[in-house]
>>> print(open('protein-v4.txt').read())   # compact mmCIF, C-alpha atoms
# COMPACT_ATOMS: atom_id res chain seq x y z
CA MET A 1 2.44 -26.13 35.19
CA LYS A 2 4.74 -23.12 34.94
CA LYS A 3 5.48 -23.96 31.31
CA ILE A 4 1.77 -24.14 30.52
CA LEU A 5 1.22 -20.75 32.16
CA LEU A 6 4.10 -19.29 30.20
CA VAL A 7 2.73 -20.61 26.92
CA LEU A 8 -0.72 -19.24 27.80
CA LEU A 9 0.78 -15.85 28.61
CA ILE A 10 2.73 -15.69 25.35
CA THR A 11 -0.38 -16.74 23.42
CA PHE A 12 -2.42 -13.97 25.00
CA LEU A 13 0.30 -11.45 24.28
CA LEU A 14 0.37 -12.43 20.62
CA ILE A 15 -3.40 -12.39 20.08
CA PRO A 16 -3.72 -8.65 19.33
CA ASN A 17 -0.84 -8.78 16.85
CA VAL A 18 -2.33 -11.75 15.04
CA LEU A 19 -5.82 -10.29 14.96
CA PHE A 20 -4.91 -6.88 13.68
CA ALA A 21 -1.85 -7.55 11.54
CA SER A 22 -3.84 -8.09 8.38
CA THR A 23 -4.57 -4.48 7.49
CA SER A 24 -3.10 -2.95 4.39
CA SER A 25 -1.13 -0.29 6.26
CA GLN A 26 0.32 -2.87 8.66
CA ALA A 27 1.14 -5.22 5.77
CA LYS A 28 2.95 -2.37 4.03
CA GLN A 29 4.93 -1.63 7.19
CA ASP A 30 5.87 -5.31 7.39
CA TRP A 31 7.15 -5.15 3.82
CA LEU A 32 9.17 -1.98 4.49
CA GLU A 33 10.68 -3.59 7.58
CA ALA A 34 11.53 -6.75 5.62
CA LYS A 35 13.12 -4.54 2.96
CA ARG A 36 15.19 -2.76 5.61
CA ILE A 37 16.39 -6.08 7.00
CA ARG A 38 17.29 -7.26 3.49
CA PHE A 39 19.55 -4.22 2.99
CA GLU A 40 21.12 -4.88 6.39
CA MET A 41 21.79 -8.53 5.47
CA ASP A 42 23.15 -7.45 2.10
CA ALA A 43 25.64 -5.13 3.80
CA GLY A 44 26.67 -7.95 6.17
CA HIS A 45 27.26 -10.34 3.28
CA LYS A 46 29.30 -7.79 1.33
CA GLN A 47 31.47 -7.19 4.40
CA ALA A 48 31.96 -10.95 4.85
CA LYS A 49 33.12 -11.23 1.23
CA LEU A 50 35.57 -8.36 1.75
CA ASP A 51 36.94 -10.01 4.90
CA TYR A 52 37.37 -13.30 3.06
CA ALA A 53 39.09 -11.59 0.14
CA GLN A 54 41.63 -10.08 2.56
CA ASP A 55 42.10 -13.16 4.72
CA LYS A 56 41.08 -16.51 3.22
CA THR A 57 40.56 -18.44 6.42
CA GLN A 58 38.04 -21.22 6.82
CA GLU A 59 36.26 -19.12 9.42
CA ASN A 60 35.86 -16.20 7.00
CA GLU A 61 34.68 -18.55 4.27
CA GLN A 62 32.02 -19.94 6.59
CA GLN A 63 31.01 -16.37 7.38
CA VAL A 64 30.46 -15.73 3.65
CA ILE A 65 28.23 -18.80 3.46
CA ASP A 66 26.26 -17.96 6.60
CA THR A 67 25.66 -14.34 5.63
CA ALA A 68 24.60 -15.43 2.15
CA LYS A 69 21.99 -17.73 3.67
CA ASP A 70 20.77 -14.89 5.89
CA LEU A 71 20.57 -12.61 2.87
CA PHE A 72 18.64 -15.12 0.74
CA ASN A 73 16.15 -15.73 3.54
CA ALA A 74 15.76 -11.97 3.98
CA VAL A 75 15.07 -11.62 0.23
CA LEU A 76 12.39 -14.30 0.45
CA ASP A 77 10.87 -12.62 3.52
CA GLU A 78 10.77 -9.34 1.61
CA VAL A 79 9.07 -10.91 -1.40
CA GLU A 80 6.56 -12.79 0.75
CA SER A 81 5.65 -9.66 2.73
CA TRP A 82 5.21 -7.67 -0.49
CA LEU A 83 2.90 -10.35 -1.88
CA GLU A 84 0.93 -10.38 1.37
CA TRP A 85 0.60 -6.58 1.29
CA LYS A 86 -0.69 -6.65 -2.28
CA LYS A 87 -3.22 -9.36 -1.38
CA VAL A 88 -4.55 -7.47 1.66
CA GLU A 89 -4.59 -4.22 -0.31
CA SER A 90 -6.76 -5.76 -3.04
CA GLN A 91 -9.08 -7.35 -0.46
CA GLU A 92 -9.56 -4.12 1.49
CA ASN A 93 -10.34 -1.78 -1.39
CA PRO A 94 -14.00 -1.94 -2.46
CA ASN A 95 -13.13 -0.41 -5.84
CA VAL A 96 -11.07 -3.44 -6.94
CA PRO A 97 -12.81 -5.52 -9.64
CA ASP A 98 -13.52 -9.11 -8.47
CA GLU A 99 -11.54 -10.66 -11.31
CA ILE A 100 -8.37 -8.74 -10.45
CA GLN A 101 -8.75 -9.53 -6.75
CA THR A 102 -9.15 -13.26 -7.49
CA ASN A 103 -6.13 -13.22 -9.79
CA ILE A 104 -4.00 -11.57 -7.12
CA GLU A 105 -5.13 -14.04 -4.44
CA ASN A 106 -4.38 -17.04 -6.68
CA ASP A 107 -0.98 -15.73 -7.76
CA VAL A 108 0.01 -14.96 -4.18
CA ALA A 109 -0.94 -18.48 -3.05
CA VAL A 110 1.11 -20.07 -5.85
CA ASN A 111 4.12 -17.84 -5.25
CA VAL A 112 4.14 -18.29 -1.47
CA SER A 113 4.34 -22.02 -2.12
CA LYS A 114 7.33 -21.44 -4.44
CA ILE A 115 8.96 -19.34 -1.71
CA ASP A 116 8.69 -22.27 0.69
CA ASP A 117 10.53 -24.46 -1.85
CA LEU A 118 13.26 -21.85 -2.22
CA ARG A 119 13.71 -21.71 1.54
CA GLY A 120 14.55 -25.41 1.35
CA ASP A 121 17.24 -24.67 -1.24
CA VAL A 122 18.71 -21.98 1.00
CA ASP A 123 18.77 -24.29 4.02
CA SER A 124 20.74 -26.89 2.07
CA ILE A 125 23.58 -24.50 1.14
CA LYS A 126 26.88 -25.92 2.39
CA THR A 127 29.62 -24.48 0.18
CA GLN A 128 30.47 -21.27 -1.68
CA GLY A 129 29.58 -23.14 -4.89
CA ASP A 130 26.08 -23.71 -3.47
CA VAL A 131 25.89 -19.98 -2.68
CA GLY A 132 26.65 -19.05 -6.29
CA ALA A 133 24.20 -21.57 -7.73
CA THR A 134 21.44 -20.53 -5.33
CA PHE A 135 22.09 -16.85 -6.03
CA LEU A 136 21.56 -17.40 -9.76
CA LYS A 137 18.36 -19.29 -9.02
CA MET A 138 17.22 -16.52 -6.65
CA ILE A 139 17.70 -13.79 -9.26
CA GLY A 140 15.41 -15.56 -11.70
CA SER A 141 12.91 -16.56 -9.04
CA TYR A 142 12.80 -13.08 -7.49
CA ILE A 143 11.45 -11.57 -10.70
CA GLU A 144 9.18 -14.54 -11.43
CA LEU A 145 7.63 -14.36 -7.98
CA LEU A 146 6.81 -10.68 -8.32
CA THR A 147 5.83 -10.34 -11.97
CA ASP A 148 2.25 -11.67 -12.03
CA VAL A 149 1.17 -9.89 -8.87
CA ALA A 150 2.89 -6.66 -9.95
CA ARG A 151 1.00 -6.77 -13.26
CA ASN A 152 -2.33 -7.42 -11.52
CA SER A 153 -1.63 -4.83 -8.85
CA GLY A 154 -0.89 -2.30 -11.60
CA ALA A 155 -4.13 -3.21 -13.34
CA MET A 156 -5.92 -2.75 -10.02
CA TRP A 157 -4.59 0.78 -9.49
CA ALA A 158 -5.24 1.75 -13.10
CA SER A 159 -8.85 0.60 -12.63
CA ILE A 160 -9.16 2.56 -9.38
CA GLY A 161 -7.63 5.59 -11.10
CA ASP A 162 -10.29 5.36 -13.82
CA LYS A 163 -13.05 5.22 -11.23
CA LEU A 164 -11.71 8.21 -9.31
CA ILE A 165 -11.43 10.26 -12.50
CA GLU A 166 -14.99 9.31 -13.41
CA THR A 167 -16.22 10.40 -9.97
CA ALA A 168 -14.27 13.66 -10.16
CA LYS A 169 -15.70 14.36 -13.62
CA LYS A 170 -19.24 13.92 -12.29
CA TYR A 171 -18.52 16.36 -9.47
CA GLU A 172 -17.01 18.83 -11.91
CA GLN A 173 -20.14 18.69 -14.08
CA LYS A 174 -22.45 19.11 -11.11
CA LEU A 175 -20.50 22.12 -9.88
CA ARG A 176 -20.47 23.57 -13.40
CA ASP A 177 -24.24 23.15 -13.70
CA ALA A 178 -24.65 24.96 -10.39
CA ALA A 179 -22.14 27.69 -11.27
CA GLU A 180 -23.83 28.44 -14.58
CA LYS A 181 -26.94 29.44 -12.69
CA LEU A 182 -25.01 32.14 -10.84
CA SER A 183 -24.53 35.59 -12.32
CA ASP A 184 -21.00 36.33 -11.10
CA ASN A 185 -19.38 32.98 -11.89
CA ASP A 186 -16.15 33.77 -13.76
CA GLU A 187 -13.83 32.71 -10.97
CA ILE A 188 -15.76 29.50 -10.38
CA ILE A 189 -15.83 28.59 -14.07
CA ASN A 190 -12.09 29.26 -14.32
CA LYS A 191 -11.41 26.87 -11.46
CA LEU A 192 -13.65 24.24 -13.00
CA ASN A 193 -11.85 24.64 -16.33
CA VAL A 194 -8.53 24.02 -14.57
CA ALA A 195 -10.02 20.97 -12.83
CA LYS A 196 -11.33 19.62 -16.13
CA ALA A 197 -7.92 20.03 -17.80
CA GLU A 198 -6.20 18.29 -14.85
CA LEU A 199 -8.66 15.41 -15.10
CA GLU A 200 -8.02 15.01 -18.81
CA THR A 201 -4.28 14.90 -18.16
CA ALA A 202 -4.84 12.42 -15.31
CA GLN A 203 -6.81 10.19 -17.67
CA ASP A 204 -3.98 10.26 -20.22
CA LYS A 205 -1.48 9.31 -17.50
CA VAL A 206 -3.65 6.48 -16.19
CA ASN A 207 -3.97 5.14 -19.75
CA LEU A 208 -0.18 5.24 -20.11
CA ALA A 209 0.23 3.54 -16.73
CA GLU A 210 -2.22 0.82 -17.73
CA SER A 211 -0.33 0.25 -20.96
CA ALA A 212 2.99 -0.04 -19.08
CA TYR A 213 1.53 -2.41 -16.48
CA LYS A 214 0.28 -4.72 -19.25
CA GLN A 215 3.92 -5.15 -20.28
CA VAL A 216 4.91 -6.37 -16.82
CA LYS A 217 5.59 -9.93 -17.92
CA LEU A 218 8.31 -12.42 -18.74
CA PRO A 219 10.28 -12.57 -20.96
CA GLY A 220 11.05 -8.86 -20.82
CA THR A 221 11.87 -6.27 -18.19
CA PRO A 222 8.87 -6.52 -15.86
CA LEU A 223 10.29 -4.49 -12.98
CA VAL A 224 11.31 -1.68 -15.33
CA LYS A 225 7.83 -1.62 -16.86
CA PHE A 226 6.30 -1.74 -13.39
CA ALA A 227 8.36 1.30 -12.36
CA GLU A 228 7.30 3.03 -15.60
CA GLY A 229 3.63 2.38 -14.82
CA ASN A 230 4.15 3.64 -11.28
CA THR A 231 5.70 6.86 -12.57
CA TYR A 232 2.64 7.56 -14.74
CA LEU A 233 0.33 6.64 -11.88
CA ARG A 234 2.11 9.04 -9.50
CA GLN A 235 1.78 11.79 -12.12
CA ALA A 236 -1.93 11.01 -12.47
CA LYS A 237 -2.25 11.19 -8.69
CA THR A 238 -0.75 14.69 -8.72
CA ASN A 239 -3.18 15.78 -11.46
CA LEU A 240 -6.08 14.31 -9.49
CA ILE A 241 -5.01 16.12 -6.32
CA ASN A 242 -4.82 19.40 -8.28
CA ALA A 243 -8.25 18.76 -9.77
CA GLN A 244 -9.77 17.93 -6.39
CA GLN A 245 -8.39 21.18 -4.93
CA GLN A 246 -9.96 23.20 -7.74
CA LEU A 247 -13.28 21.40 -7.23
CA GLU A 248 -13.12 22.17 -3.52
CA HIS A 249 -12.41 25.85 -4.23
CA ALA A 250 -15.29 25.98 -6.68
CA PHE A 251 -17.57 24.28 -4.14
CA ASN A 252 -16.62 26.83 -1.49
CA LEU A 253 -17.22 29.73 -3.86
CA ILE A 254 -20.65 28.39 -4.78
CA THR A 255 -21.71 27.72 -1.21
CA LYS A 256 -20.05 30.69 0.52
CA MET B 1 0.75 -21.27 42.45
CA LYS B 2 -2.78 -19.92 42.35
CA LYS B 3 -1.43 -16.47 43.10
CA ILE B 4 1.05 -16.70 40.21
CA PHE B 5 -1.69 -17.87 37.90
CA SER B 6 -3.98 -15.02 38.97
CA ILE B 7 -1.26 -12.43 38.44
CA LEU B 8 -0.41 -13.82 35.02
CA LEU B 9 -4.07 -13.86 34.04
CA ILE B 10 -4.57 -10.25 35.12
CA ILE B 11 -1.44 -9.17 33.24
CA SER B 12 -2.59 -11.05 30.13
CA VAL B 13 -6.05 -9.47 30.19
CA ALA B 14 -4.54 -6.03 30.77
CA VAL B 15 -2.10 -6.48 27.89
CA ILE B 16 -4.86 -7.70 25.55
CA ILE B 17 -7.07 -4.75 26.43
CA SER B 18 -4.26 -2.23 26.00
CA GLY B 19 -3.06 -4.02 22.85
CA CYS B 20 -6.51 -3.94 21.29
CA GLY B 21 -6.86 -0.28 22.10
CA LYS B 22 -3.61 0.52 20.42
CA GLN B 23 -3.86 -1.67 17.39
CA THR B 24 -7.46 -1.81 16.32
CA THR B 25 -7.03 1.53 14.64
CA PRO B 26 -3.97 2.01 12.42
CA ASP B 27 -2.44 5.50 12.38
CA SER B 28 -3.85 6.29 9.00
CA ASP B 29 -7.29 5.22 10.17
CA VAL B 30 -7.01 7.42 13.22
CA LEU B 31 -6.23 10.34 10.99
CA HIS B 32 -9.02 9.34 8.67
CA ASP B 33 -11.45 8.99 11.55
CA LYS B 34 -10.46 12.35 12.93
CA THR B 35 -10.89 13.87 9.53
CA THR B 36 -14.21 12.14 9.17
CA GLU B 37 -15.31 13.38 12.56
CA ASP B 38 -14.13 16.88 11.80
CA THR B 39 -15.76 16.70 8.45
CA GLN B 40 -18.96 15.37 9.89
CA THR B 41 -19.01 18.17 12.43
CA SER B 42 -18.19 20.77 9.86
CA ASP B 43 -20.58 19.07 7.47
CA THR B 44 -23.41 19.79 9.80
CA LYS B 45 -22.36 23.41 9.85
CA SER B 46 -21.62 23.58 6.16
CA THR B 47 -24.85 21.81 5.29
CA ASP B 48 -26.69 24.43 7.27
CA GLN B 49 -24.67 27.14 5.56
CA THR B 50 -25.21 25.51 2.20
CA GLU B 51 -28.93 25.36 2.77
CA ASP B 52 -28.94 29.05 3.69
CA LYS B 53 -26.99 29.98 0.58
CA GLU B 54 -29.02 27.71 -1.63
CA GLU B 55 -32.13 29.38 -0.36
CA SER B 56 -30.71 32.81 -1.11
CA SER B 57 -29.15 31.93 -4.49
CA ASN B 58 -31.57 29.18 -5.56
CA VAL B 59 -28.61 27.01 -6.66
CA GLU B 60 -29.15 23.26 -6.43
CA LEU B 61 -26.02 21.31 -5.54
CA ASP B 62 -26.26 17.58 -4.89
CA ILE B 63 -22.66 17.04 -3.83
CA THR B 64 -21.37 17.75 -0.35
CA GLU B 65 -18.12 18.81 1.21
CA GLN B 66 -17.89 15.24 2.53
CA ASP B 67 -18.03 13.87 -1.05
CA LEU B 68 -15.03 16.01 -1.96
CA LYS B 69 -13.16 15.03 1.21
CA GLN B 70 -13.79 11.35 0.44
CA LEU B 71 -12.51 11.87 -3.10
CA LYS B 72 -9.35 13.46 -1.68
CA SER B 73 -8.87 10.56 0.72
CA ASP B 74 -9.32 8.00 -2.08
CA ILE B 75 -6.83 9.83 -4.30
CA GLN B 76 -4.27 9.98 -1.50
CA GLY B 77 -4.69 6.21 -1.05
CA ILE B 78 -3.21 5.50 -4.48
CA GLN B 79 -0.06 3.40 -3.99
CA ALA B 80 2.68 3.33 -6.60
CA GLU B 81 5.79 1.91 -4.95
CA ASP B 82 8.58 0.52 -7.10
CA LEU B 83 10.33 -2.78 -6.50
CA ASN B 84 14.09 -3.09 -6.24
CA GLY B 85 15.88 -5.79 -8.13
CA LEU B 86 18.66 -7.96 -6.75
CA SER B 87 22.27 -6.95 -7.34
CA GLN B 88 25.47 -8.97 -7.17
>>> encode(input="protein-v4.txt", output="structure tokens")
Amino acid sequence: MKKILLVLLITFLLIPNVLFASTSSQAKQDWLEAKRIRFEMDAGHKQAKLDYAQDKTQENEQQVIDTAKDLFNAVLDEVESWLEWKKVESQENPNVPDEIQTNIENDVAVNVSKIDDLRGDVDSIKTQGDVGATFLKMIGSYIELLTDVARNSGAMWASIGDKLIETAKKYEQKLRDAAEKLSDNDEIINKLNVAKAELETAQDKVNLAESAYKQVKLPGTPLVKFAEGNTYLRQAKTNLINAQQQLEHAFNLITK
Amino acid sequence: MKKIFSILLIISVAVIISGCGKQTTPDSDVLHDKTTEDTQTSDTKSTDQTEDKEESSNVELDITEQDLKQLKSDIQGIQAEDLNGLSQ
């Protein structure tokens, strides 16, 4: 009876976490936490290798094997949580085209299944030779698991960037139309000109990001191309923020 | 035994209620909601002000301060996080 009550209590305690874990911000936090744990496990494994290099005891060798297994599992946790975040992110954002969202969902399902297989490989590690062989497999799998979703996620943000620029351009035109009806409008027009230039630059950057994201594939250097696309996207974001500020200033000048 | 069960049940319900209260709204949403509320409040004021100005200047403007705030929020939502590779 006590055991049943305990199980019931634990179930109730977990309900809120289960219900509300699937938001994009929470999923991102889960990924960041998994990433932090991976670095921690990496440090532990490196230390175990140093200890073994200094003192080749059986105990230290076992420590190398155990920490390697912990590290590999942490890597798989990190990848899985990143995939989950990208899936939730695409589901939550209404601006994501259906095709991209479906592609991300399908790729995540396939890759999570591959992760389960890899966990089996990690569990069966017994020797340092197994560690080396599994590590080589993990390096290849790590990139494979991320590539498709990274490419689709990049396409998703490039598409959202396009939509935001389009919206901002409409606002800029509306404000310009209104400003042109005012007699003393120099300051407003100047701000709108700055906004327009920022939006043009943002569009160029989004186009470059889109081009880089399309090259996120194997064979090649998908993670490098993904980082390249992200750099352009971050630059576009800065241009968009600048443009939005100018639009807001112009709005305030028109309505003051 | 009944007493233990009752206590556990009360604790569970209390935890669920407090848990829901804390977690239904992520931090970013809280901020967003606050901003939305603030904006909505200020919108009412600014709409009134806008109407006054529009009447005086005869300028038609079919975008609102809220539209610009939403644009800002959408822009800030852009995520571009890199992925680390694995090293030996």
>>> closest_atom_pairs(input="protein-v4.txt", of="chain A", to="chain B", cutoff="8 Å", atoms="only C-alpha atoms", output="tab-separated table")
residue	atom	partner	partner_atom	distance
A:Leu5	CA	B:Phe5	CA	7.1
A:Leu9	CA	B:Ser12	CA	6.1
A:Phe12	CA	B:Ser12	CA	5.9
A:Leu13	CA	B:Ile16	CA	6.5
A:Ile15	CA	B:Ile16	CA	7.4
A:Pro16	CA	B:Cys20	CA	5.8
A:Asn17	CA	B:Gln23	CA	7.7
A:Phe20	CA	B:Thr24	CA	6.3
A:Ser25	CA	B:Pro26	CA	7.2
A:Gln26	CA	B:Pro26	CA	7.5
A:Ile139	CA	B:Leu86	CA	6.4
A:Tyr142	CA	B:Leu86	CA	7.8
A:Ile143	CA	B:Gly85	CA	7.7
A:Trp157	CA	B:Ile78	CA	7.0
A:Gly161	CA	B:Ile78	CA	8.0
A:Leu164	CA	B:Ile75	CA	7.2
A:Thr167	CA	B:Leu71	CA	7.9
A:Ala168	CA	B:Leu71	CA	7.5
A:Tyr171	CA	B:Ile63	CA	7.0
A:Lys174	CA	B:Leu61	CA	7.0
A:Leu175	CA	B:Leu61	CA	7.1
A:Ala178	CA	B:Val59	CA	5.8
A:Ala179	CA	B:Val59	CA	8.0
A:Lys181	CA	B:Val59	CA	6.7
A:Leu182	CA	B:Val59	CA	7.5
A:Leu223	CA	B:Leu83	CA	6.7
A:Phe226	CA	B:Asp82	CA	7.1
A:Ala227	CA	B:Asp82	CA	5.3
A:Asn230	CA	B:Ala80	CA	4.9
A:Thr231	CA	B:Ala80	CA	7.6
A:Leu233	CA	B:Ala80	CA	6.7
A:Arg234	CA	B:Ala80	CA	6.4
A:Lys237	CA	B:Ile75	CA	6.5
A:Leu240	CA	B:Ile75	CA	6.9
A:Ile241	CA	B:Ile75	CA	6.9
A:Gln244	CA	B:Lys72	CA	6.5
A:Leu247	CA	B:Leu68	CA	7.7
A:Glu248	CA	B:Leu68	CA	6.6
A:Phe251	CA	B:Glu65	CA	7.7
A:Thr255	CA	B:Thr50	CA	5.4
A:Lys256	CA	B:Lys53	CA	7.0
>>> closest_residue(input="protein-v4.txt", among="A:Ile65, A:Val108, A:Val88, A:Ala48", to="Lys28 in chain A", atoms="only C-alpha atoms")
A:Val88
>>> residues_around(input="protein-v4.txt", residues="Ile115 in chain A", least_positions_apart="2", cutoff="9 Å", atoms="all atoms listed in the file", output="NGL selection string")
:A and (76-77 or 79-80 or 110-113 or 117-120 or 141 or 145)
>>> write_last_selection(input="protein-v4.txt", atoms="C-alpha atoms", output="mmCIF file, in the coordinates of the input")
data_model
loop_
_atom_site.group_PDB
_atom_site.id
_atom_site.type_symbol
_atom_site.label_atom_id
_atom_site.label_comp_id
_atom_site.auth_asym_id
_atom_site.auth_seq_id
_atom_site.Cartn_x
_atom_site.Cartn_y
_atom_site.Cartn_z
ATOM 1 C CA LEU A 76 12.390 -14.300 0.450
ATOM 2 C CA ASP A 77 10.870 -12.620 3.520
ATOM 3 C CA VAL A 79 9.070 -10.910 -1.400
ATOM 4 C CA GLU A 80 6.560 -12.790 0.750
ATOM 5 C CA VAL A 110 1.110 -20.070 -5.850
ATOM 6 C CA ASN A 111 4.120 -17.840 -5.250
ATOM 7 C CA VAL A 112 4.140 -18.290 -1.470
ATOM 8 C CA SER A 113 4.340 -22.020 -2.120
ATOM 9 C CA ASP A 117 10.530 -24.460 -1.850
ATOM 10 C CA LEU A 118 13.260 -21.850 -2.220
ATOM 11 C CA ARG A 119 13.710 -21.710 1.540
ATOM 12 C CA GLY A 120 14.550 -25.410 1.350
ATOM 13 C CA SER A 141 12.910 -16.560 -9.040
ATOM 14 C CA LEU A 145 7.630 -14.360 -7.980
#
>>> atom_distance(input="protein-v4.txt", atom1="CA of Glu166 in chain A", atom2="CA of Asp184 in chain A")
27.8 Å
>>> residues_around(input="protein-v4.txt", residues="Asp148 in chain A", least_positions_apart="3", cutoff="10 Å", atoms="all atoms listed in the file", output="MDAnalysis selection string")
chainID A and resid 103:104 107:108 111 143:145 151:154 216:218 222
>>> atom_distance(input="protein-v4.txt", atom1="CA of Gln29 in chain A", atom2="CA of Ser211 in chain A")
28.7 Å
>>> atom_distance(input="protein-v4.txt", atom1="CA of Leu71 in chain A", atom2="CA of Gly44 in chain A")
8.4 Å
>>> residues_around(input="protein-v4.txt", residues="range 125-128 of chain A", least_positions_apart="6", cutoff="8 Å", atoms="all atoms listed in the file", output="ChimeraX atom specification")
/A:61,64-65,69,134
>>> closest_residue(input="protein-v4.txt", among="A:Glu105, A:Thr238, A:Glu78, A:Ala68", to="Gly129 in chain A", atoms="all atoms listed in the file")
A:Ala68
>>> build_atoms(input="protein-v4.txt", residues="range 41-52 of chain A", atoms="N, CA and C atoms", output="PDB file, in the frame of the given file")
ATOM      1  N   MET A  41      21.165  -7.220   5.750  1.00  0.00           N
ATOM      2  CA  MET A  41      21.790  -8.530   5.470  1.00  0.00           C
ATOM      3  C   MET A  41      22.730  -8.433   4.263  1.00  0.00           C
ATOM      4  N   ASP A  42      22.327  -7.642   3.289  1.00  0.00           N
ATOM      5  CA  ASP A  42      23.150  -7.450   2.100  1.00  0.00           C
ATOM      6  C   ASP A  42      24.495  -6.818   2.477  1.00  0.00           C
ATOM      7  N   ALA A  43      24.413  -5.801   3.358  1.00  0.00           N
ATOM      8  CA  ALA A  43      25.640  -5.130   3.800  1.00  0.00           C
ATOM      9  C   ALA A  43      26.536  -6.120   4.560  1.00  0.00           C
ATOM     10  N   GLY A  44      25.916  -6.953   5.392  1.00  0.00           N
ATOM     11  CA  GLY A  44      26.670  -7.950   6.170  1.00  0.00           C
ATOM     12  C   GLY A  44      27.365  -8.949   5.260  1.00  0.00           C
ATOM     13  N   HIS A  45      26.671  -9.366   4.208  1.00  0.00           N
ATOM     14  CA  HIS A  45      27.260 -10.340   3.280  1.00  0.00           C
ATOM     15  C   HIS A  45      28.418  -9.726   2.486  1.00  0.00           C
ATOM     16  N   LYS A  46      28.229  -8.471   2.078  1.00  0.00           N
ATOM     17  CA  LYS A  46      29.300  -7.790   1.330  1.00  0.00           C
ATOM     18  C   LYS A  46      30.547  -7.651   2.208  1.00  0.00           C
ATOM     19  N   GLN A  47      30.336  -7.332   3.478  1.00  0.00           N
ATOM     20  CA  GLN A  47      31.470  -7.190   4.400  1.00  0.00           C
ATOM     21  C   GLN A  47      32.175  -8.535   4.586  1.00  0.00           C
ATOM     22  N   ALA A  48      31.381  -9.606   4.685  1.00  0.00           N
ATOM     23  CA  ALA A  48      31.960 -10.950   4.850  1.00  0.00           C
ATOM     24  C   ALA A  48      32.812 -11.315   3.638  1.00  0.00           C
ATOM     25  N   LYS A  49      32.342 -10.931   2.450  1.00  0.00           N
ATOM     26  CA  LYS A  49      33.120 -11.230   1.230  1.00  0.00           C
ATOM     27  C   LYS A  49      34.425 -10.432   1.213  1.00  0.00           C
ATOM     28  N   LEU A  50      34.356  -9.187   1.675  1.00  0.00           N
ATOM     29  CA  LEU A  50      35.570  -8.360   1.750  1.00  0.00           C
ATOM     30  C   LEU A  50      36.581  -8.979   2.732  1.00  0.00           C
ATOM     31  N   ASP A  51      36.066  -9.402   3.880  1.00  0.00           N
ATOM     32  CA  ASP A  51      36.940 -10.010   4.900  1.00  0.00           C
ATOM     33  C   ASP A  51      37.604 -11.270   4.354  1.00  0.00           C
ATOM     34  N   TYR A  52      36.826 -12.050   3.623  1.00  0.00           N
ATOM     35  CA  TYR A  52      37.370 -13.300   3.060  1.00  0.00           C
ATOM     36  C   TYR A  52      38.405 -13.014   1.971  1.00  0.00           C
TER      37      TYR A  52
END
